[in-house]
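Asker: After the structure tokens below, expect a handful of questions from me.
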Amino acid sequence: MTKIKIKKTKKSRIKETDFDHLEFGEQFSDHMFITEYGDGTWNDPRIIPFGKLSFLPSLTVLHYGQAVFEGLKAYLTANGGVNLFRADKNHERLNMSCERLCIPPVPLDLFMEALKKLVAIDRAWIPNKRGNSLYIRPFIFATDDYIGVRVSKTYAFIIFTSPVGAYYKEGLNPVKLITSGGYSRAVIGGLGEAKTPANYAASLLPAEEAKKQGFTQVLWLDAIEKKYIEEVGTMNIMFLINDVLITPPLEGSILGGITRDTVLTLASHWGVKIEERRISIEEVIEKAKSGALQEVFGTGTAAVISPVGWIQHMEEMVTINKGGIGHFSQRLYDEITGIQYGEKPDIFGWCYQV
Ligand code: COI
């Protein structure tokens with residue numbers, strides 16, 4: 001068992017937090033977990049008050065982006081308990097991202113122990129309103145003071161938490177997407193399947209342009225042919241066509257979302273036919289025109305299930321399900337959040353009680 005030292009804050013900030021109007025990612029709980037890597041091991045794991053860190057301008061990560069992160073949530077359950085959802089999958093993906101970024105892996109027991117202790121200490125920060133939760137952000141970054149391009153020898157691994165509401169201002173209402181035009185997010189062999197800041201940096205300019213045109217987010221097409229649908233950057237994407245659930249395969253350029261896996265597992269359990277295959281934007285437009293396209297939705301930890309009501313591709317605008325929330329999207333949202341909030345049976349053993 002990992003021994004984590006604890007130093008509690010002398011002054012909680014919880015009273016300054018407006019739990020009735022939570023936006024995504026603006027408020028931070030009282031404590032954070034931190035451990036530093038050096039000499040081949042993670043040292044001195046501890047929970048301390050959330051606060052500023054001090055680094056020199058020569059910090060490697062600031063120059064070359066050697067960093068990875070994760071996102072998961074804790075939920076206050078119907079019977080007053082606390083659920084962490086599929087944290088083992090976040091650990092697995094964190095270490096997969098670490099490998100791609102030449103960052104040393106984090107042992108499972110350290111990851112789980114840190115999560116559970118941190119969430120337990122800041123339990124009062126978990127919102128008690130349905131739809132809200134405590135977002136947890138684990139991340140690792142290179143901390144050598146060196147500006148040559150090479151793998152860092154030292155790292156910091158930090159976890160902090162944030163009480164959140166819906167990620168998109170639309171909530172469960174359908175979002176509007178526009179295809180990526182001349183921009184690309186990632187190529188096979190690049191960083192696309194790793195959860196690393198560079199992928200999000202690549203999305204900023206296209207997302208800004210999309211927002212200026214009235215869209216919520218960019219729907220990324222593949223970088224080579226600009227034809228096949230990849231993901232939305234903040235979520236994976238799925239299509240319900242003729243009662244078949246279709247989603248792009250994990251071939252290296254898109255993130256292997258945990259909510260994506262959750263949806264595929266549930267849908268298959270419900271007897272829905274699933275196809276993980278390439279799907280082109282032309283096919284989506286054609287299926288929309290023929291009436292075969294029933295629903296489109298994004299999946300993600302932050303976004304949960306996010307119905308898509310409109311997709312713009314070049315001159316063409318497709319409206320899905322009359323811009324409303326589809327039955328299948330709603331069923332998935334209800335089932336997933338039902339399990340997370342402890343209202344529905346957790347038959348796959350996805351929840352960890354804190
Ligand atoms: C998540 O869904 O947890 C994400 O990391 C997406 C975004 C907030 C970066």
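By convention here, the chains of the structure tokens are called A, B, ... in the order presented, each chain's residues are numbered starting at 1, and ligands are numbered starting at 1 in the order presented.
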Where does chain A meet ligand 1 within 9 Å, residue by residue, with the nearest atom pair and distance in Å to one decimal for each, counting only C-alpha atoms and all ligand atoms, listed by chain and rising number, as CSV?
Answerer:
residue,atom,partner,partner_atom_place_in_ligand_line,distance
A:Phe24,CA,ligand 1,8 (C),8.4
A:Gly25,CA,ligand 1,8 (C),8.2
A:Phe69,CA,ligand 1,5 (O),7.7
A:Glu70,CA,ligand 1,5 (O),6.0
A:Gly71,CA,ligand 1,3 (O),3.6
A:Leu72,CA,ligand 1,3 (O),5.8
A:Lys73,CA,ligand 1,3 (O),8.2
A:Tyr135,CA,ligand 1,3 (O),7.8
A:Ile136,CA,ligand 1,3 (O),8.2
A:Arg137,CA,ligand 1,3 (O),7.8
A:Tyr167,CA,ligand 1,8 (C),7.4
A:Lys195,CA,ligand 1,5 (O),7.7
A:Pro197,CA,ligand 1,9 (C),8.8
A:Tyr200,CA,ligand 1,9 (C),7.2
A:Gly233,CA,ligand 1,6 (C),7.5
A:Thr234,CA,ligand 1,6 (C),4.4
A:Met235,CA,ligand 1,2 (O),6.4
A:Gly257,CA,ligand 1,2 (O),8.2
A:Ile258,CA,ligand 1,2 (O),8.9
A:Thr259,CA,ligand 1,2 (O),8.6
A:Thr299,CA,ligand 1,2 (O),8.2
A:Gly300,CA,ligand 1,2 (O),4.6
A:Thr301,CA,ligand 1,2 (O),3.7
A:Ala302,CA,ligand 1,2 (O),3.7
A:Ala303,CA,ligand 1,2 (O),6.0
A:Val304,CA,ligand 1,2 (O),7.7
Asker: When DSSP is applied to the backbone of this structure, which of range 23-149 of chain A are assigned alpha helix (DSSP H)? Write them out as a ChimeraX atom specification.
Answerer: /A:60-64,87-100,108-121
Asker: Choose the residue, out of A:Ala194, A:Val106, A:Leu177, A:Ala166, that has the smallest atom-to-atom separation from Gly256 in chain A; count only C-alpha atoms.
Answerer: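 Of A:Ala194, A:Val106, A:Leu177, A:Ala166, the one nearest Gly256 in chain A is A:Ala194, counting only C-alpha atoms.
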Asker: Quick one: residues within 8 Å of range 94-102 of chain A, only C-alpha atoms, excluding same-chain residues fewer than 2 positions away - as number ranges by chain?
Answerer: A: 66-70, 90-92, 104-106, 151, 191, 193-196
Asker: Could you pull the residues within 12 Å of Arg123 in chain A, counting only C-alpha atoms, minus those fewer than 2 positions along the same chain, as a PyMOL selection string?
Answerer: chain A and resi 14+29-31+74-77+80-84+115-121+125-128+133-134+161-163+354
Asker: Could those residues be written to a file, using N, CA and C atoms, as a short mmCIF file (atom, residue, chain, number, x, y, z; two decimals), in the first residue's frame?
Answerer:
data_model
loop_
_atom_site.label_atom_id
_atom_site.label_comp_id
_atom_site.auth_asym_id
_atom_site.auth_seq_id
_atom_site.Cartn_x
_atom_site.Cartn_y
_atom_site.Cartn_z
N ILE A 14 -14.56 26.50 0.17
CA ILE A 14 -15.83 25.95 -0.33
C ILE A 14 -17.00 26.94 -0.24
N SER A 29 -11.17 22.44 -6.06
CA SER A 29 -11.37 22.03 -4.67
C SER A 29 -10.15 22.39 -3.82
N ASP A 30 -10.25 22.12 -2.53
CA ASP A 30 -9.23 22.61 -1.58
C ASP A 30 -7.86 21.95 -1.69
N HIS A 31 -7.82 20.69 -2.17
CA HIS A 31 -6.55 19.97 -2.10
C HIS A 31 -6.10 19.43 -3.45
N ALA A 74 -16.10 11.88 -10.14
CA ALA A 74 -16.66 11.25 -8.94
C ALA A 74 -18.09 11.78 -8.78
N TYR A 75 -18.99 10.89 -8.35
CA TYR A 75 -20.42 11.21 -8.25
C TYR A 75 -20.91 10.93 -6.85
N LEU A 76 -21.76 11.81 -6.36
CA LEU A 76 -22.44 11.56 -5.09
C LEU A 76 -23.64 10.66 -5.40
N THR A 77 -23.71 9.52 -4.74
CA THR A 77 -24.75 8.56 -5.12
C THR A 77 -26.03 8.77 -4.32
N GLY A 80 -25.89 8.41 -0.62
CA GLY A 80 -24.90 9.21 0.10
C GLY A 80 -23.47 8.72 -0.05
N GLY A 81 -23.24 7.72 -0.88
CA GLY A 81 -21.88 7.25 -1.14
C GLY A 81 -21.21 8.05 -2.25
N VAL A 82 -19.99 7.67 -2.58
CA VAL A 82 -19.27 8.33 -3.65
C VAL A 82 -18.76 7.28 -4.63
N ASN A 83 -19.06 7.47 -5.92
CA ASN A 83 -18.60 6.55 -6.96
C ASN A 83 -17.54 7.20 -7.84
N LEU A 84 -16.48 6.45 -8.07
CA LEU A 84 -15.51 6.83 -9.11
C LEU A 84 -15.81 5.91 -10.28
N LEU A 115 -6.22 8.88 -5.96
CA LEU A 115 -7.57 9.30 -6.35
C LEU A 115 -8.54 9.20 -5.19
N LYS A 116 -8.54 8.02 -4.56
CA LYS A 116 -9.52 7.77 -3.50
C LYS A 116 -9.29 8.71 -2.32
N LYS A 117 -8.01 8.90 -1.93
CA LYS A 117 -7.72 9.76 -0.78
C LYS A 117 -8.10 11.21 -1.08
N LEU A 118 -7.76 11.65 -2.29
CA LEU A 118 -8.02 13.05 -2.65
C LEU A 118 -9.53 13.32 -2.68
N VAL A 119 -10.27 12.40 -3.30
CA VAL A 119 -11.72 12.58 -3.39
C VAL A 119 -12.35 12.50 -1.99
N ALA A 120 -11.83 11.61 -1.15
CA ALA A 120 -12.38 11.50 0.21
C ALA A 120 -12.14 12.79 0.99
N ILE A 121 -10.95 13.36 0.86
CA ILE A 121 -10.64 14.60 1.61
C ILE A 121 -11.51 15.76 1.15
N TRP A 125 -16.84 18.76 -1.72
CA TRP A 125 -16.85 19.51 -2.98
C TRP A 125 -17.62 18.77 -4.08
N ILE A 126 -18.07 17.55 -3.81
CA ILE A 126 -18.79 16.82 -4.86
C ILE A 126 -20.21 17.38 -4.92
N PRO A 127 -20.61 17.96 -6.04
CA PRO A 127 -21.93 18.59 -6.11
C PRO A 127 -23.04 17.55 -5.90
N ASN A 128 -24.12 17.96 -5.25
CA ASN A 128 -25.18 16.98 -5.00
C ASN A 128 -26.34 17.12 -5.97
N SER A 133 -21.00 16.92 -11.08
CA SER A 133 -20.09 15.92 -10.52
C SER A 133 -18.76 16.58 -10.18
N LEU A 134 -17.85 15.78 -9.64
CA LEU A 134 -16.51 16.29 -9.34
C LEU A 134 -15.58 15.78 -10.44
N THR A 161 -9.03 18.44 -8.43
CA THR A 161 -10.43 18.18 -8.75
C THR A 161 -11.22 19.48 -8.86
N SER A 162 -12.35 19.38 -9.55
CA SER A 162 -13.11 20.58 -9.87
C SER A 162 -14.61 20.24 -9.93
N PRO A 163 -15.43 20.86 -9.09
CA PRO A 163 -16.87 20.59 -9.18
C PRO A 163 -17.40 21.18 -10.49
N VAL A 354 -15.71 5.16 -2.91
CA VAL A 354 -14.65 5.87 -2.17
C VAL A 354 -14.98 5.81 -0.70
#
Asker: Please provide as a VMD selection string all residues within 12 Å of Leu56 in chain A, with the sequence filter that same-chain residues fewer than 4 positions apart are discarded (counting only C-alpha atoms).
Answerer: chain A and resid 60 to 63 143 to 147
Asker: As a list of chain:residue names, please: the residues near range 307-323 of chain A (cut-off 7 Å, only C-alpha atoms, same-chain neighbours under 6 positions excluded).
Answerer: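 That gives A:Leu172, A:Asn173, A:Pro174, A:Val175, A:Lys176, A:Leu177, A:Ile178, A:Thr179, A:Ile285, A:Ala288, A:Gln294, A:Glu295, A:Val296, A:Phe297, A:Gly298, A:Ser329.
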Asker: So, counting only C-alpha atoms, which residue among A:Ser152, A:Glu335, A:Gly192, A:Ser184 is closest to Trp270 in chain A?
Answerer: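 Smallest distance to Trp270 in chain A is found for A:Glu335.
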Asker: Any idea what the distance is between CA of Tyr155 in chain A and CA of Phe141 in chain A?
Answerer: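 One can read the CA of Tyr155 in chain A to CA of Phe141 in chain A distance as 5.4 Å.
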Asker: Which residues are close to range 5-8 of chain A, i.e. within 9 Å by only C-alpha atoms, leaving aside same-chain residues fewer than 3 positions away? Reply as a VMD selection string.
Answerer: chain A and resid 11 30 to 31 33 44 to 49 121
Asker: Could you work out how far CA of Gly326 in chain A lies from CA of Glu282 in chain A, giving the answer in Å with one decimal?
Answerer: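 These atoms are spaced 21.7 Å apart.
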Asker: Range 18-100 of chain A: which residues are strand (DSSP E) by DSSP, as number ranges by chain?
Answerer: A: 31-38, 41-49, 67-69, 72-76, 82-85
